[in-house]
Amino acid sequence: MKTNQRYLALFSIHGLIRGNNFELGRDADTGGQVKYVVELARELGQQKGIARVDLFTRQVIDSRVGTDYAQPREQLSNQAYLIRLPCGPRRYLKKESLWPYLESFIDHTLQYFRQLGQVPDIIHGHYADAGYVGSVVASLLEVPFIFTGHSLGLVKEAHLLEKGFTREQLKEKYNIGYRIEAENGHSMPLHWLLPVPLKKFVNNTNAIKTMNPKA
């Protein structure tokens with residue numbers, strides 16, 4: 001990999017993600033974010049100065065879903081790949097049930113980077129679960145981190161409380177506390193960079209140094 005070209009790592013952990021024939025609407029976790037992150041990875045892979053884009057998600061081995069979701073690696077374009085890593089039980093789980101297993105996903109991610117022999121130049125987490133994973137990995141590797149929430153736990157909590165749910169019900173059904181804590185943890189000064197088109201940002205060395213002086 002040429003030193004003047006960047007390697008980007010995107011994270012979107014929950015739901016069923018594959019490169020084509022999206023099962024949008026299959027359940028609450030497989031919606032517009034699935035299509036968005038795949039299209040983002042493909043688009044970034046076509047940009048000048050980008051050597052590789054990896055989109056990390058959870059590997060699912062479950063007879064109730066297609067075998068596509070069990071494949072460790074799927075090529076999205078010439079320079080973009082979908083990487084599926086183990087995260088807890090092999091079966092499909094809703095996003096609220098993934099929180100206890102995110103540490104193992106972090107371990108598998110770091111192992112992947114070691115095997116690849118490359119550390120990403122930028123990490124971009126999507127939604128709270130992937131935001132947590134991305135922020136931890138970015139901190140360990142000392143690389144810049146971007147977070148896109150797609151929605152916010154505090155807003156959902158307020159909406160559900162208005163509908164009559166109790167806080168105990170929110171804790172049991174949605175693990176809402178984990179989500180809010182994670183979102184608060186990476187609502188950092190980098191947030192102001194989110195409106196900047198990423199394909200412009202990745203070629204801006206000064207912007208990266210602003211995010212991370214060690215870059």
# chains A, B, ... in the order shown; residues from 1 in each chain; ligands from 1
>>> residues_around(residues="region 21-36 of chain A", least_positions_apart="3", cutoff="12 Å", atoms="only C-alpha atoms", output="mmCIF file with C-alpha atoms, in the first residue's frame")
data_model
loop_
_atom_site.group_PDB
_atom_site.id
_atom_site.type_symbol
_atom_site.label_atom_id
_atom_site.label_comp_id
_atom_site.auth_asym_id
_atom_site.auth_seq_id
_atom_site.Cartn_x
_atom_site.Cartn_y
_atom_site.Cartn_z
ATOM 1 C CA LEU A 10 -15.917 1.849 8.641
ATOM 2 C CA PHE A 11 -17.945 0.068 11.325
ATOM 3 C CA SER A 12 -21.659 -0.800 11.205
ATOM 4 C CA ILE A 13 -22.227 -3.839 13.377
ATOM 5 C CA HIS A 14 -25.917 -4.629 13.724
ATOM 6 C CA GLY A 15 -28.435 -5.781 11.149
ATOM 7 C CA LEU A 16 -27.940 -7.898 8.044
ATOM 8 C CA ILE A 17 -25.412 -6.326 5.698
ATOM 9 C CA ARG A 18 -24.394 -7.570 2.265
ATOM 10 C CA GLU A 39 -22.839 2.758 -0.688
ATOM 11 C CA LEU A 40 -20.509 4.944 1.386
ATOM 12 C CA ALA A 41 -17.803 2.268 1.368
ATOM 13 C CA ARG A 42 -18.114 1.845 -2.392
ATOM 14 C CA GLU A 43 -18.016 5.587 -3.029
ATOM 15 C CA LEU A 55 -16.567 -1.993 6.198
ATOM 16 C CA PHE A 56 -16.716 -4.100 9.376
ATOM 17 C CA THR A 57 -19.890 -5.817 10.492
ATOM 18 C CA ARG A 64 -32.871 -18.404 9.479
ATOM 19 C CA VAL A 65 -30.882 -15.987 7.293
ATOM 20 C CA GLY A 66 -28.935 -16.264 4.061
ATOM 21 C CA ASP A 68 -24.143 -14.502 2.517
ATOM 22 C CA TYR A 69 -24.015 -13.141 6.057
ATOM 23 C CA LEU A 82 -17.123 -5.977 3.623
ATOM 24 C CA TYR A 92 -28.606 -13.489 14.452
ATOM 25 C CA LEU A 93 -29.240 -11.126 17.355
ATOM 26 C CA LYS A 94 -31.082 -7.836 17.569
ATOM 27 C CA LYS A 95 -28.870 -4.837 18.222
ATOM 28 C CA GLU A 96 -30.000 -4.407 21.824
ATOM 29 C CA SER A 97 -28.542 -7.837 22.627
ATOM 30 C CA LEU A 98 -25.092 -7.157 21.182
ATOM 31 C CA GLY A 125 -18.339 4.345 13.473
ATOM 32 C CA HIS A 126 -22.046 4.200 12.579
ATOM 33 C CA TYR A 127 -24.684 4.020 15.330
ATOM 34 C CA THR A 148 -22.259 9.191 12.931
ATOM 35 C CA GLY A 149 -25.147 8.387 15.257
ATOM 36 C CA HIS A 150 -27.931 7.992 12.653
ATOM 37 C CA SER A 151 -30.289 8.410 15.629
#
>>> residues_around(residues="His124 (chain A)", least_positions_apart="6", cutoff="10 Å", atoms="only C-alpha atoms", output="list in words")
Leu8, Ala9, Leu10, Phe11, Ser12, Leu55, Ala130, Gly131, Val133, Gly134, Ser135, Ala138, Pro144, Phe145, Ile146, Phe147, Thr148 and Leu198 of chain A
>>> closest_residue(among="A:His108, A:Gln79, A:Ala128, A:Gly88", to="Lys48 (chain A)", atoms="only C-alpha atoms")
A:Gln79
>>> atom_distance(atom1="CA of Arg58 (chain A)", atom2="CA of Tyr132 (chain A)")
14.3 Å
>>> atom_distance(atom1="CA of Leu76 (chain A)", atom2="CA of Thr109 (chain A)")
18.9 Å
>>> residues_around(residues="Gly45 (chain A)", least_positions_apart="6", cutoff="10 Å", atoms="only C-alpha atoms", output="VMD selection string")
chain A and resid 7 to 8 39 51 to 54 76 to 81 199
>>> write_last_selection(atoms="N, CA and C atoms", output="PDB file, in the first residue's frame")
ATOM      1  N   TYR A   7      -6.020   4.323   4.129  1.00  0.00           N
ATOM      2  CA  TYR A   7      -6.813   3.131   4.421  1.00  0.00           C
ATOM      3  C   TYR A   7      -7.903   3.542   5.412  1.00  0.00           C
ATOM      4  N   LEU A   8      -9.171   3.333   5.045  1.00  0.00           N
ATOM      5  CA  LEU A   8     -10.300   3.734   5.864  1.00  0.00           C
ATOM      6  C   LEU A   8     -11.006   2.506   6.430  1.00  0.00           C
ATOM      7  N   GLU A  39     -23.059   1.785   0.377  1.00  0.00           N
ATOM      8  CA  GLU A  39     -22.839   2.758  -0.688  1.00  0.00           C
ATOM      9  C   GLU A  39     -21.708   3.721  -0.334  1.00  0.00           C
ATOM     10  N   ALA A  51      -6.551   3.935  -0.826  1.00  0.00           N
ATOM     11  CA  ALA A  51      -5.998   2.643  -1.229  1.00  0.00           C
ATOM     12  C   ALA A  51      -6.938   1.490  -0.903  1.00  0.00           C
ATOM     13  N   ARG A  52      -7.664   1.618   0.212  1.00  0.00           N
ATOM     14  CA  ARG A  52      -8.523   0.505   0.647  1.00  0.00           C
ATOM     15  C   ARG A  52      -9.578   1.027   1.619  1.00  0.00           C
ATOM     16  N   VAL A  53     -10.767   0.450   1.532  1.00  0.00           N
ATOM     17  CA  VAL A  53     -11.840   0.719   2.487  1.00  0.00           C
ATOM     18  C   VAL A  53     -12.366  -0.618   2.985  1.00  0.00           C
ATOM     19  N   ASP A  54     -12.391  -0.813   4.290  1.00  0.00           N
ATOM     20  CA  ASP A  54     -12.997  -1.997   4.896  1.00  0.00           C
ATOM     21  C   ASP A  54     -14.218  -1.569   5.695  1.00  0.00           C
ATOM     22  N   LEU A  76     -16.808  -5.357  -2.320  1.00  0.00           N
ATOM     23  CA  LEU A  76     -17.844  -4.413  -2.713  1.00  0.00           C
ATOM     24  C   LEU A  76     -17.485  -3.680  -3.997  1.00  0.00           C
ATOM     25  N   SER A  77     -16.191  -3.443  -4.198  1.00  0.00           N
ATOM     26  CA  SER A  77     -15.679  -2.803  -5.408  1.00  0.00           C
ATOM     27  C   SER A  77     -14.185  -3.102  -5.454  1.00  0.00           C
ATOM     28  N   ASN A  78     -13.491  -2.517  -6.400  1.00  0.00           N
ATOM     29  CA  ASN A  78     -12.060  -2.817  -6.543  1.00  0.00           C
ATOM     30  C   ASN A  78     -11.279  -2.584  -5.256  1.00  0.00           C
ATOM     31  N   GLN A  79     -11.651  -1.563  -4.503  1.00  0.00           N
ATOM     32  CA  GLN A  79     -10.865  -1.196  -3.324  1.00  0.00           C
ATOM     33  C   GLN A  79     -11.667  -1.183  -2.033  1.00  0.00           C
ATOM     34  N   ALA A  80     -12.883  -1.705  -2.079  1.00  0.00           N
ATOM     35  CA  ALA A  80     -13.739  -1.709  -0.893  1.00  0.00           C
ATOM     36  C   ALA A  80     -14.197  -3.128  -0.572  1.00  0.00           C
ATOM     37  N   TYR A  81     -14.179  -3.448   0.730  1.00  0.00           N
ATOM     38  CA  TYR A  81     -14.499  -4.806   1.167  1.00  0.00           C
ATOM     39  C   TYR A  81     -15.433  -4.757   2.368  1.00  0.00           C
ATOM     40  N   LYS A 199     -15.402  12.202   1.587  1.00  0.00           N
ATOM     41  CA  LYS A 199     -14.498  12.011   0.458  1.00  0.00           C
ATOM     42  C   LYS A 199     -13.585  13.216   0.270  1.00  0.00           C
TER      43      LYS A 199
END
>>> closest_residue(among="A:Leu102, A:Val136, A:Val37, A:Leu141", to="Arg114 (chain A)", atoms="only C-alpha atoms")
A:Leu141
>>> select_by_dssp(residues="region 45-167 of chain A", states="helix (DSSP H, G or I)", output="PyMOL selection string")
chain A and resi 45+67-70+95-97+99-116+127-141+153-162+167
>>> write_last_selection(atoms="C-alpha atoms", output="mmCIF file, in the first residue's frame")
data_model
loop_
_atom_site.group_PDB
_atom_site.id
_atom_site.type_symbol
_atom_site.label_atom_id
_atom_site.label_comp_id
_atom_site.auth_asym_id
_atom_site.auth_seq_id
_atom_site.Cartn_x
_atom_site.Cartn_y
_atom_site.Cartn_z
ATOM 1 C CA GLY A 45 -13.172 3.297 -2.488
ATOM 2 C CA THR A 67 -25.486 -17.803 3.917
ATOM 3 C CA ASP A 68 -24.143 -14.502 2.517
ATOM 4 C CA TYR A 69 -24.015 -13.141 6.057
ATOM 5 C CA ALA A 70 -21.664 -15.908 7.154
ATOM 6 C CA LYS A 95 -28.870 -4.837 18.222
ATOM 7 C CA GLU A 96 -30.000 -4.407 21.824
ATOM 8 C CA SER A 97 -28.542 -7.837 22.627
ATOM 9 C CA TRP A 99 -23.660 -4.929 23.907
ATOM 10 C CA PRO A 100 -22.155 -7.737 26.062
ATOM 11 C CA TYR A 101 -20.214 -9.033 23.048
ATOM 12 C CA LEU A 102 -18.687 -5.841 21.641
ATOM 13 C CA GLU A 103 -15.405 -6.375 23.477
ATOM 14 C CA SER A 104 -14.900 -9.605 21.532
ATOM 15 C CA PHE A 105 -15.602 -7.721 18.304
ATOM 16 C CA ILE A 106 -12.856 -5.271 19.273
ATOM 17 C CA ASP A 107 -10.440 -8.171 19.832
ATOM 18 C CA HIS A 108 -11.251 -9.664 16.427
ATOM 19 C CA THR A 109 -10.834 -6.262 14.789
ATOM 20 C CA LEU A 110 -7.374 -5.765 16.243
ATOM 21 C CA GLN A 111 -6.416 -9.284 15.185
ATOM 22 C CA TYR A 112 -7.597 -8.500 11.651
ATOM 23 C CA PHE A 113 -5.424 -5.392 11.471
ATOM 24 C CA ARG A 114 -2.427 -7.392 12.686
ATOM 25 C CA GLN A 115 -2.982 -10.010 10.014
ATOM 26 C CA LEU A 116 -3.500 -7.348 7.365
ATOM 27 C CA TYR A 127 -24.684 4.020 15.330
ATOM 28 C CA ALA A 128 -23.895 3.678 19.030
ATOM 29 C CA ASP A 129 -22.655 0.066 19.024
ATOM 30 C CA ALA A 130 -20.177 0.624 16.209
ATOM 31 C CA GLY A 131 -19.365 4.026 17.644
ATOM 32 C CA TYR A 132 -18.275 2.384 20.874
ATOM 33 C CA VAL A 133 -16.184 -0.209 19.043
ATOM 34 C CA GLY A 134 -14.667 2.369 16.710
ATOM 35 C CA SER A 135 -13.805 4.797 19.486
ATOM 36 C CA VAL A 136 -12.026 2.110 21.520
ATOM 37 C CA VAL A 137 -10.085 0.797 18.516
ATOM 38 C CA ALA A 138 -9.165 4.320 17.411
ATOM 39 C CA SER A 139 -7.929 5.143 20.905
ATOM 40 C CA LEU A 140 -5.815 1.996 21.081
ATOM 41 C CA LEU A 141 -4.310 2.601 17.641
ATOM 42 C CA GLY A 153 -30.684 7.207 22.362
ATOM 43 C CA LEU A 154 -31.785 10.201 24.430
ATOM 44 C CA VAL A 155 -34.355 11.099 21.792
ATOM 45 C CA LYS A 156 -35.647 7.536 21.622
ATOM 46 C CA GLU A 157 -35.768 7.326 25.419
ATOM 47 C CA ALA A 158 -37.843 10.494 25.663
ATOM 48 C CA HIS A 159 -40.201 9.285 22.928
ATOM 49 C CA LEU A 160 -40.750 5.893 24.572
ATOM 50 C CA LEU A 161 -41.268 7.440 28.016
ATOM 51 C CA GLU A 162 -43.949 9.649 26.487
ATOM 52 C CA ARG A 167 -37.291 3.249 32.659
#
>>> atom_distance(atom1="CA of Pro86 (chain A)", atom2="CA of Gln5 (chain A)")
28.7 Å
>>> decode(residues="region 51-94 of chain A", atoms="N, CA and C atoms", output="mmCIF file, in the first residue's frame")
data_model
loop_
_atom_site.group_PDB
_atom_site.id
_atom_site.type_symbol
_atom_site.label_atom_id
_atom_site.label_comp_id
_atom_site.auth_asym_id
_atom_site.auth_seq_id
_atom_site.Cartn_x
_atom_site.Cartn_y
_atom_site.Cartn_z
ATOM 1 N N ALA A 51 -6.551 3.935 -0.826
ATOM 2 C CA ALA A 51 -5.998 2.643 -1.229
ATOM 3 C C ALA A 51 -6.938 1.490 -0.903
ATOM 4 N N ARG A 52 -7.664 1.618 0.212
ATOM 5 C CA ARG A 52 -8.523 0.505 0.647
ATOM 6 C C ARG A 52 -9.578 1.027 1.619
ATOM 7 N N VAL A 53 -10.767 0.450 1.532
ATOM 8 C CA VAL A 53 -11.840 0.719 2.487
ATOM 9 C C VAL A 53 -12.366 -0.618 2.985
ATOM 10 N N ASP A 54 -12.391 -0.813 4.290
ATOM 11 C CA ASP A 54 -12.997 -1.997 4.896
ATOM 12 C C ASP A 54 -14.218 -1.569 5.695
ATOM 13 N N LEU A 55 -15.348 -2.203 5.423
ATOM 14 C CA LEU A 55 -16.567 -1.993 6.198
ATOM 15 C C LEU A 55 -16.751 -3.212 7.096
ATOM 16 N N PHE A 56 -16.644 -3.003 8.407
ATOM 17 C CA PHE A 56 -16.716 -4.100 9.376
ATOM 18 C C PHE A 56 -18.140 -4.260 9.899
ATOM 19 N N THR A 57 -18.593 -5.503 9.919
ATOM 20 C CA THR A 57 -19.890 -5.817 10.492
ATOM 21 C C THR A 57 -19.812 -7.168 11.186
ATOM 22 N N ARG A 58 -20.924 -7.589 11.730
ATOM 23 C CA ARG A 58 -20.964 -8.841 12.493
ATOM 24 C C ARG A 58 -21.222 -10.028 11.575
ATOM 25 N N GLN A 59 -20.455 -11.091 11.771
ATOM 26 C CA GLN A 59 -20.686 -12.337 11.043
ATOM 27 C C GLN A 59 -21.873 -13.063 11.672
ATOM 28 N N VAL A 60 -22.792 -13.512 10.821
ATOM 29 C CA VAL A 60 -23.988 -14.209 11.287
ATOM 30 C C VAL A 60 -24.061 -15.578 10.610
ATOM 31 N N ILE A 61 -24.058 -16.623 11.416
ATOM 32 C CA ILE A 61 -24.197 -17.994 10.909
ATOM 33 C C ILE A 61 -25.477 -18.553 11.514
ATOM 34 N N ASP A 62 -26.535 -18.551 10.718
ATOM 35 C CA ASP A 62 -27.863 -18.843 11.243
ATOM 36 C C ASP A 62 -28.720 -19.342 10.083
ATOM 37 N N SER A 63 -29.361 -20.504 10.246
ATOM 38 C CA SER A 63 -30.180 -21.074 9.174
ATOM 39 C C SER A 63 -31.389 -20.210 8.844
ATOM 40 N N ARG A 64 -31.717 -19.269 9.724
ATOM 41 C CA ARG A 64 -32.871 -18.404 9.479
ATOM 42 C C ARG A 64 -32.554 -17.272 8.505
ATOM 43 N N VAL A 65 -31.271 -17.055 8.211
ATOM 44 C CA VAL A 65 -30.882 -15.987 7.293
ATOM 45 C C VAL A 65 -29.990 -16.579 6.203
ATOM 46 N N GLY A 66 -29.724 -15.786 5.183
ATOM 47 C CA GLY A 66 -28.935 -16.264 4.061
ATOM 48 C C GLY A 66 -27.491 -16.564 4.442
ATOM 49 N N THR A 67 -26.878 -17.434 3.658
ATOM 50 C CA THR A 67 -25.486 -17.803 3.917
ATOM 51 C C THR A 67 -24.517 -16.662 3.578
ATOM 52 N N ASP A 68 -24.990 -15.661 2.834
ATOM 53 C CA ASP A 68 -24.143 -14.502 2.517
ATOM 54 C C ASP A 68 -23.567 -13.883 3.785
ATOM 55 N N TYR A 69 -24.395 -13.843 4.833
ATOM 56 C CA TYR A 69 -24.015 -13.141 6.057
ATOM 57 C C TYR A 69 -22.997 -13.910 6.892
ATOM 58 N N ALA A 70 -22.674 -15.115 6.453
ATOM 59 C CA ALA A 70 -21.664 -15.908 7.154
ATOM 60 C C ALA A 70 -20.280 -15.781 6.518
ATOM 61 N N GLN A 71 -20.217 -15.197 5.325
ATOM 62 C CA GLN A 71 -18.945 -15.118 4.615
ATOM 63 C C GLN A 71 -18.015 -14.103 5.285
ATOM 64 N N PRO A 72 -16.789 -14.468 5.604
ATOM 65 C CA PRO A 72 -15.883 -13.543 6.304
ATOM 66 C C PRO A 72 -15.532 -12.298 5.492
ATOM 67 N N ARG A 73 -15.571 -12.415 4.166
ATOM 68 C CA ARG A 73 -15.113 -11.302 3.325
ATOM 69 C C ARG A 73 -15.946 -11.243 2.054
ATOM 70 N N GLU A 74 -16.374 -10.035 1.706
ATOM 71 C CA GLU A 74 -17.128 -9.820 0.473
ATOM 72 C C GLU A 74 -16.589 -8.566 -0.204
ATOM 73 N N GLN A 75 -16.244 -8.669 -1.450
ATOM 74 C CA GLN A 75 -15.713 -7.510 -2.171
ATOM 75 C C GLN A 75 -16.867 -6.644 -2.658
ATOM 76 N N LEU A 76 -16.808 -5.357 -2.320
ATOM 77 C CA LEU A 76 -17.844 -4.413 -2.713
ATOM 78 C C LEU A 76 -17.485 -3.680 -3.997
ATOM 79 N N SER A 77 -16.191 -3.443 -4.198
ATOM 80 C CA SER A 77 -15.679 -2.803 -5.408
ATOM 81 C C SER A 77 -14.185 -3.102 -5.454
ATOM 82 N N ASN A 78 -13.491 -2.517 -6.400
ATOM 83 C CA ASN A 78 -12.060 -2.817 -6.543
ATOM 84 C C ASN A 78 -11.279 -2.584 -5.256
ATOM 85 N N GLN A 79 -11.651 -1.563 -4.503
ATOM 86 C CA GLN A 79 -10.865 -1.196 -3.324
ATOM 87 C C GLN A 79 -11.667 -1.183 -2.033
ATOM 88 N N ALA A 80 -12.883 -1.705 -2.079
ATOM 89 C CA ALA A 80 -13.739 -1.709 -0.893
ATOM 90 C C ALA A 80 -14.197 -3.128 -0.572
ATOM 91 N N TYR A 81 -14.179 -3.448 0.730
ATOM 92 C CA TYR A 81 -14.499 -4.806 1.167
ATOM 93 C C TYR A 81 -15.433 -4.757 2.368
ATOM 94 N N LEU A 82 -16.284 -5.763 2.454
ATOM 95 C CA LEU A 82 -17.123 -5.977 3.623
ATOM 96 C C LEU A 82 -16.483 -7.097 4.437
ATOM 97 N N ILE A 83 -16.119 -6.783 5.671
ATOM 98 C CA ILE A 83 -15.427 -7.733 6.540
ATOM 99 C C ILE A 83 -16.370 -8.121 7.678
ATOM 100 N N ARG A 84 -16.664 -9.414 7.773
ATOM 101 C CA ARG A 84 -17.562 -9.896 8.827
ATOM 102 C C ARG A 84 -16.748 -10.617 9.891
ATOM 103 N N LEU A 85 -16.895 -10.156 11.126
ATOM 104 C CA LEU A 85 -16.143 -10.708 12.248
ATOM 105 C C LEU A 85 -17.089 -11.307 13.284
ATOM 106 N N PRO A 86 -16.644 -12.338 13.999
ATOM 107 C CA PRO A 86 -17.481 -12.916 15.060
ATOM 108 C C PRO A 86 -17.761 -11.899 16.158
ATOM 109 N N CYS A 87 -18.947 -12.032 16.732
ATOM 110 C CA CYS A 87 -19.338 -11.144 17.836
ATOM 111 C C CYS A 87 -20.374 -11.883 18.663
ATOM 112 N N GLY A 88 -19.927 -12.608 19.681
ATOM 113 C CA GLY A 88 -20.848 -13.364 20.521
ATOM 114 C C GLY A 88 -21.377 -14.599 19.823
ATOM 115 N N PRO A 89 -22.598 -15.020 20.152
ATOM 116 C CA PRO A 89 -23.184 -16.213 19.529
ATOM 117 C C PRO A 89 -23.222 -16.069 18.010
ATOM 118 N N ARG A 90 -23.162 -17.180 17.318
ATOM 119 C CA ARG A 90 -23.137 -17.121 15.857
ATOM 120 C C ARG A 90 -24.491 -16.725 15.271
ATOM 121 N N ARG A 91 -25.579 -16.969 16.009
ATOM 122 C CA ARG A 91 -26.917 -16.707 15.486
ATOM 123 C C ARG A 91 -27.188 -15.198 15.382
ATOM 124 N N TYR A 92 -28.211 -14.886 14.619
ATOM 125 C CA TYR A 92 -28.606 -13.489 14.452
ATOM 126 C C TYR A 92 -29.190 -12.946 15.749
ATOM 127 N N LEU A 93 -28.754 -11.777 16.145
ATOM 128 C CA LEU A 93 -29.240 -11.126 17.355
ATOM 129 C C LEU A 93 -29.674 -9.701 17.042
ATOM 130 N N LYS A 94 -30.693 -9.233 17.724
ATOM 131 C CA LYS A 94 -31.082 -7.836 17.569
ATOM 132 C C LYS A 94 -30.023 -6.957 18.225
#
